[in-house]
Structures are given as structure tokens and as C-alpha cells.
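A.B. asks: There's a structure below that I have some questions on.
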Protein chains: 2
Amino acid sequence: MSVRFELNDDGFLVTDLISVQAVDRSFFGREVDGKKIHLTLEPEEALYLIDVRNAECEKDGKAISFNQAAERFSKHRKFLARYYCYRDWRDRGLIPRFLDEAQGPYLKSPVEVYPSKAASFPNVKAKALFFDDDLMAVIDDEAAGERLFEDHWFGQWGTYKAKKHGQFLKLDAYEALFLAEHAGLKLNESAKHIQKEALKRRPDFLDLYRVYEDWRLRGYVLKTGFKFGTHFRLYFPGAKPSLQTGQWMHSKHVIHCFPRSTKMLISEWARAIRVAHGVKKTFILAIPGEPVKATAHSPLDFLLYHRKDGGIDTPRHDAPTYAMLALSEEEEIGGQELAEAIEASKKLGLDLMLSICDRETSITYYRVKRIELPKSTYEYYEIEWVQP
Amino acid sequence: MSVRFELNDDGFLVTDLISVQAVDRSFFGREVDGKKIHLTLEPEEALYLIDVRNAECEKDGKAISFNQAAERFSKHRKFLARYYCYRDWRDRGLIPRFLDEAQGPYLKSPVEVYPSKAASFPNVKAKALFFDDDLMAVIDDEAAGERLFEDHWFGQWGTYKAKKHGQFLKLDAYEALFLAEHAGLKLNESAKHIQKEALKRRPDFLDLYRVYEDWRLRGYVLKTGFKFGTHFRLYFPGAKPSLQTGQWMHSKHVIHCFPRSTKMLISEWARAIRVAHGVKKTFILAIPGEPVKATAHSPLDFLLYHRKDGGIDTPRHDAPTYAMLALSEEEEIGGQELAEAIEASKKLGLDLMLSICDRETSITYYRVKRIELPKSTYEYYEIEWVQP
């Protein structure tokens, strides 16, 4: 016999004993008044039972369909995305539960500490010519250009992957500005002029620059991530433009910035992560700007219980492993909103799992891991495409 | 002895006999007054000769550097991007020339004709519930849902890649609207309401819908391209949600829309093509809206001569193969601008080659091929990442 429950003005209620036991055994529902005589169901639970377990839902004594049960929620924010994300976790044989049951902090959100090495840069003894529309500068003093390239990997000397071809150093706007501020580089234009030109094209230029500067000052090398679909690619302290063997050095990380003030379609955001994944790079998300205060209302959707040796974690005996933020392909997400979700997960001591429901209700998972870059005041996260 | 030339108020001029001969032999420069006694050089040519061929440039009798020669152009639009795109073609041993030398039409821009099969859809005998914020609709009538999925591959029946799990049909906003307009689907909300909700999130929704509709009416199946970083993935007429063997059917094409009225950073645009390339799909660019009239001023940058058996094409004996539009990573491009460049290439009878200069002056090439979808009034192009 399949599970039965009813929909009344307060929501979904399970009353008959067999259904209560069946539902409770599978970790659906909540006790009413501290007793397991009746159980209430959240909408995601009720719809899952109808959709996948052939449960019967009644209203005013008559059986109703999925849509009749879902109708009153059809104007809710991301209702279907939440439902299909809930369902997908269930379909994996795993248990999702609700945020208000959280008992954290769970201490399950380890921080990845990146090395940090204070960097300093000698004064540049050459002048650069800045090209406004290209947002690039050229140093045509061969000796000065070659040193900046070989010692600190600023700009491109000669030709990409063929440095002996050509003899001038090409700097992008981040490099030009950084060298002007930290190595006394003189240009035909002021730092302010460069910023103004760059901001015309990219309103987020200063956010990107601050991320560039933050990692550069800690010994990292950042170059354009164009080939990998991101703002920067990243090399760890000590990187040189070519190995001693003369071979090209490969980056293993890319950085993409998502300023708090910007909004982006989830589909566009996911595209950047996909390119990085496709070329086997670790994707680092940078959230420049002041850390946020978490809002009172939780921006998170579900607590996710995962697996253990020989079985699955359950709310009875185990702690959750992730906090889920459910999103849909055509939704917009703001940098601020994402930062709040990350902050809320951190408070729970859980890693954030971004779950994206596409237009075919297929779910993609991105795990968000915290990074600590010592002495930096910004927030960085590794985003990993996972199949949980 | 290296080539010498001078920079005066009119531009770059080659006067000594040996330099004139050397420059002319390599297809640099233009005759003055129809005679090869003196040659003028375009800025890209002059800088290339300084940069790569160690040419000497003098001004007022004194040798000047690359930056001194380039300075007067530093405020020009995409000056460096043009220069490095010119240089890269030269560095490949190939010859770029200037647009005003075009003698077309060259008949080198073949059109790829896609099959077309008029499609019709029977009336849907079920009602769908639309979820505003998710921009999705559900049909919970099992028989009707299953038919729409199995016969025409609308929506997702059951679960993605596991259609027997679950029993309702999920439609995205394009499918819901299409079925409302072409198959009499009834929803709890009007087509107008759906459009209004979708436009809140995606100002380009109607452009995307028209592309969706255009291909659907010609027998193609379009589904979300989320996993491939594009708006749609595409199946040719006759496609079904699963092969007769029960295997999953793989798409080979993706479609991305670039409405004329929108602007996009080149880096963002290239990202979409990269994902498609990474998963080995043909990337189709859709430019919805009315065809443009080409402006009087050419939006193109160079004529590109390519290779032939046993050698290279030259302006002396051969026709160019492509028209180049040079762009830089941090530049914005508008749908209108791209459409104009394509239109101008078409008039020349050449395929367009988009050449993108990244922040390290490395050049990426995208070849644009025209597609004809019979009876469609829109423009579609295959964009192929090439190494010429």
C-alpha cells in the first residue's frame, strides 16, 4: 500500500499509522507537538512522495494530482529548482533535511591554506606607452623589459610561447597599474587615466585589479585566463615564464572574480567553471570587497547528509556534510547573495554545495571550499564540479 | 643591411632603393603615385618591420624606437589589437593586406545548407502549471506528457537520462510558449504572462524564443545547452529522446544567440565557443532580428592570404581567403557590429576570420561560416576555432 497524506490550509499532514511509519523510516516529515502520531511534510517532501513513490494526496477528501498539490506554490521563489534539487539528492539514495534542524557548528568545512611569500619589486628604469583602447602598455627598452619578464613574469616579452621572437614587453592594464603603484613604472599616462579608460569597458576593473594585486603581493604570478575562460590564470610563488629546461610552464589554477555588487545569470557563471574543469584547472572564485554580515533569514536551502563506509549518513546518528544552495539555470545570482550563502555555511561548519537545476531538471553540483591566503583580507574559494 | 624608412607628418615612407626592393618583395608597402620609386607603409607594417625585422625608423634625421613610432596612434581604436593580429598572420609566414585593395567578390564563402523539414504538432490535450520564478511548467497528465516527450521530445519526462523515473513532463519557458502558440497548450497563465516573467530575468528572452521557434518549425529539436555553456543544444530532424537501442542520443551542435542590440565582452563571448569546442560540438551563432545594411565604412581590418599546395598565396597571383576582424580580449563587441562585419565579408565573397588578441598578445582565430536554413529569415553561422 502506498503512502497517503492530505493537504489542508496549513500544509501537508500524514495521519494514518502505516503512512506515518513509512514516511518516518525514510526520514521524511516532522513530528507534530513533539509526538510522532502525526507528521507534517514540507512541500518538497510531499511532492517527492507523489512524484517518485506514488503516494496519494487528498484534499477535501478527494485525490489530487501533482500540479494540484503544487499550485499554491507556483509563485514562490525558485520553488521548482528547490524541489528538483531536493529530489536529486533523494534519488542518489541520500538524505536532505531542512535548515532549521541544524545543530552546528559541525566543523566539516576545512580551510585550504595557500602558501604566501611577501614579494617586492625593484624600481623599473623604463617608460611605457599606454594604448587607451587596447588597455595595454608597451615597454620598448629591451633590457628593462626582459628583466621584468624573466625575473617577475610581468607582461609578455617577445611572443607568447616564443619569447625570442620580437623584443618588446607588452603589459596588460593590471600589470601596468601594478608596476606604476608598486615599482615606480612611469607611463605616458597617469594611473588615474588608465583606471578611467579601463572602467569604461569593465565596470568591475578595480575589483579585478585588487584581486590581481592581492595575489601578486603574496608572491603569485597572474596572467590572463583568456584561454581558460576566466579573468586570470595563477602560478604559485617562484614561477618563471619558462622552466629551466626551456619548457613552457603550465598553470594549475584559474581565478575568476565575482564582485558583490554584480549579478549574473547562473548559466553564464557555470560556463566559466566548465571551461576550467574541461582543461583540468582548479577554479578559484574571488569575492572582492568587504566581508558581509549574514542576514537573519538563511539564504540556504537544505542540509545534505552524505555517505559513510558501508552506508549513508542519517539525521538519526550522523551530522550533515554540506549545506545546499539550490539554483536554477535561468536565475540570476548576485555576488552578495553568494557571499551570504557561503558565510551562512561557514557558520554551520559545512562546505557549501551549489546545486543547479537546468531546464531539463538535471542537477549539477559545485562544491565550494574555503581558501586561506595568509595576510589577505579577501575571500577566495575553490569551486569544484562534483558528482556526489 | 636592414630596411630603413622614415616617419614624417604624412606617415611612414620608404625611399632608399634597397629598402624599397626588400619591402616590396615581402608584400609590404604601397606605391606612391603608381610608381615603385617610393613606398608608403601602413602603421602595422612599419611597426612589424621595427619589431621583427630590425628595421630602422628615422624621424627628423634621428633613429626612433617602437614606442616613438607608435605614440601618435596610442589613442586609436584597437590599435595594438590590429597590430598584433597583423603580426601574428605575418609570423605564420602568411600575408595580410589592406581592405581597400579588395577586388572581390571572390566566391570563397560557400554556404552550408542545413536540411529543413516542415514540422507540425498535434493539439495538446492537457493543462500545464507554470512556475513564475523557475520559468518552467509541469504537465502532470501522464499520457499527454509522455506523448509530447516521446514523439516530439518536448520537455523532460521522468528524469534526465532516466525517463522511467518519475512521471511528469517538465517544460522550459521556450517549450511552454511554443506549445501554447503552435499546439494549443493551455496553461494556468497566458503566453503574455510567461513572456513578462521571462523578460524580467532575460531581456533577450524573445530573441532566444524566436530562434528556438525558427528551428523547431523546421523539424529540429532544441534542448537546453546548459551543460555545454550555450543557450541551446540542437538535434537534427527526426531526433528522438532515446535511440531505438535505448541509448542516449548525443547532440553534435549547440546554438548561441547574439541579438543585435546586445553588447558583450569578447572574453565572455569566446568562453561560450570554448566550452562547445571542448566537448567537440559545432558552435552555431544565431543573430536574430532584421538583417543589417552594411555601413559605408568597412568594419573589417585585413584581407588574409592563405596557403596553397607547395607555398603561400600572394597578392601578386592569388586571391585572399578570409577577411579579418581584429579584436582584443577586453573589448566589447555588439551583435550589430558583428553582423556588419559578417555582411561585409559576405559581399567580398570571403569567410570572416575573427582574430582575438589576448592580454599576452597571443591570437586566437575563429572562422565564421555561413549556414542556410531553408525558409528561415534569420542568420546563422558556424563558428570554428582554427589554427590557420
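Please note that chains go A, B, ... in the order of the C-alpha cells, that every chain numbers its residues from 1, and that ligands are numbered from 1 in the order shown.
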As a PyMOL selection string, please: all residues of stretch 150-211 of chain B that backbone DSSP puts in strand (DSSP E).

C.D. replies: chain B and resi 156-157+169-172+186-187

A.B. asks: After fitting chain A to chain B over all Cα atoms matched in order, what RMSD is left?

C.D. replies: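 0.0 Å is the C-alpha RMSD between the two chains.
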
A.B. asks: Could you produce a table of the residues of stretch 52-128 of chain B lying within 9 Å of stretch 118-138 of chain A, with the nearest pair of atoms per residue and their separation in Å rounded to one decimal, using only C-alpha atoms, ordered by chain and increasing residue number, as CSV?

C.D. replies:
residue,atom,partner,partner_atom,distance
B:Phe66,CA,A:Val138,CA,9.0
B:Asn67,CA,A:Leu129,CA,6.4
B:Gln68,CA,A:Leu129,CA,8.9
B:Ala70,CA,A:Leu129,CA,8.6
B:Glu71,CA,A:Leu129,CA,7.1
B:Phe73,CA,A:Phe131,CA,8.0
B:Ser74,CA,A:Phe131,CA,4.5
B:Lys75,CA,A:Asp132,CA,5.5
B:His76,CA,A:Asp133,CA,6.8
B:Arg77,CA,A:Asp133,CA,5.4
B:Lys78,CA,A:Asp134,CA,5.3
B:Phe79,CA,A:Asp134,CA,6.8
B:Leu80,CA,A:Asp134,CA,6.1
B:Ala81,CA,A:Asp134,CA,6.6

A.B. asks: I need the residues from that last selection saved to file as a PDB file, in the first residue's frame (with N, CA and C atoms), if you can.

C.D. replies:
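Wrote it out as out-v2.pdb, contents follow:
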ATOM      1  N   PHE B  66      60.353  51.864 -31.234  1.00  0.00           N
ATOM      2  CA  PHE B  66      58.997  51.345 -31.479  1.00  0.00           C
ATOM      3  C   PHE B  66      57.949  52.283 -30.873  1.00  0.00           C
ATOM      4  N   ASN B  67      58.110  52.593 -29.582  1.00  0.00           N
ATOM      5  CA  ASN B  67      57.117  53.445 -28.934  1.00  0.00           C
ATOM      6  C   ASN B  67      57.065  54.841 -29.538  1.00  0.00           C
ATOM      7  N   GLN B  68      58.235  55.352 -29.939  1.00  0.00           N
ATOM      8  CA  GLN B  68      58.224  56.680 -30.565  1.00  0.00           C
ATOM      9  C   GLN B  68      57.484  56.644 -31.905  1.00  0.00           C
ATOM     10  N   ALA B  70      55.067  54.505 -32.504  1.00  0.00           N
ATOM     11  CA  ALA B  70      53.665  54.121 -32.257  1.00  0.00           C
ATOM     12  C   ALA B  70      52.879  55.196 -31.530  1.00  0.00           C
ATOM     13  N   GLU B  71      53.592  56.138 -30.909  1.00  0.00           N
ATOM     14  CA  GLU B  71      52.962  57.074 -29.971  1.00  0.00           C
ATOM     15  C   GLU B  71      51.736  57.789 -30.566  1.00  0.00           C
ATOM     16  N   PHE B  73      49.626  56.898 -32.466  1.00  0.00           N
ATOM     17  CA  PHE B  73      48.442  56.045 -32.664  1.00  0.00           C
ATOM     18  C   PHE B  73      47.862  55.523 -31.342  1.00  0.00           C
ATOM     19  N   SER B  74      48.441  55.962 -30.229  1.00  0.00           N
ATOM     20  CA  SER B  74      48.089  55.316 -28.948  1.00  0.00           C
ATOM     21  C   SER B  74      46.658  55.584 -28.504  1.00  0.00           C
ATOM     22  N   LYS B  75      45.994  56.529 -29.143  1.00  0.00           N
ATOM     23  CA  LYS B  75      44.578  56.764 -28.793  1.00  0.00           C
ATOM     24  C   LYS B  75      43.633  56.190 -29.858  1.00  0.00           C
ATOM     25  N   HIS B  76      44.193  55.536 -30.867  1.00  0.00           N
ATOM     26  CA  HIS B  76      43.331  54.981 -31.915  1.00  0.00           C
ATOM     27  C   HIS B  76      42.575  53.765 -31.401  1.00  0.00           C
ATOM     28  N   ARG B  77      41.452  53.510 -32.023  1.00  0.00           N
ATOM     29  CA  ARG B  77      40.652  52.358 -31.625  1.00  0.00           C
ATOM     30  C   ARG B  77      41.406  51.062 -31.953  1.00  0.00           C
ATOM     31  N   LYS B  78      41.451  50.161 -30.990  1.00  0.00           N
ATOM     32  CA  LYS B  78      42.071  48.825 -31.088  1.00  0.00           C
ATOM     33  C   LYS B  78      43.362  48.814 -31.920  1.00  0.00           C
ATOM     34  N   PHE B  79      44.211  49.810 -31.692  1.00  0.00           N
ATOM     35  CA  PHE B  79      45.418  49.903 -32.494  1.00  0.00           C
ATOM     36  C   PHE B  79      46.365  48.717 -32.265  1.00  0.00           C
ATOM     37  N   LEU B  80      46.601  48.395 -31.007  1.00  0.00           N
ATOM     38  CA  LEU B  80      47.516  47.270 -30.715  1.00  0.00           C
ATOM     39  C   LEU B  80      46.903  45.934 -31.133  1.00  0.00           C
ATOM     40  N   ALA B  81      45.617  45.797 -30.923  1.00  0.00           N
ATOM     41  CA  ALA B  81      44.959  44.544 -31.328  1.00  0.00           C
ATOM     42  C   ALA B  81      45.146  44.334 -32.831  1.00  0.00           C
TER      43      ALA B  81
END

A.B. asks: For A:Ser345, work out the shell of residues within 12 Å, counting only C-alpha atoms and skipping chain neighbours fewer than 2 positions away, then give it as an MDAnalysis selection string.

C.D. replies: chainID A and resid 99 102 104:110 294 298:304 320:325 338:343 347:354 367:370

A.B. asks: Tell me, in Å to one decimal, how far atom CA of B:Leu169 is from atom CA of B:Asp151.

C.D. replies: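 So the answer is 13.0 Å.
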
A.B. asks: What does the structure give for the distance between atom CA of B:His253 and atom CA of B:Phe283, in Å to one decimal?

C.D. replies: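 Going from atom CA of B:His253 over to atom CA of B:Phe283, I get 6.0 Å.
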
A.B. asks: Can you work out the spacing between atom CA of A:Asp140 and atom CA of A:Phe168 in Å, to one decimal?

C.D. replies: 4.9 Å

A.B. asks: What's around stretch 228-238 of chain B at 8 Å? Count only C-alpha atoms, leave out sequence neighbours fewer than 5 positions away in its own chain, and write the answer as number ranges by chain.

C.D. replies: A: 267-268, 270-271, 274; B: 115-117, 208, 218-223, 251-257, 272, 275-276, 279
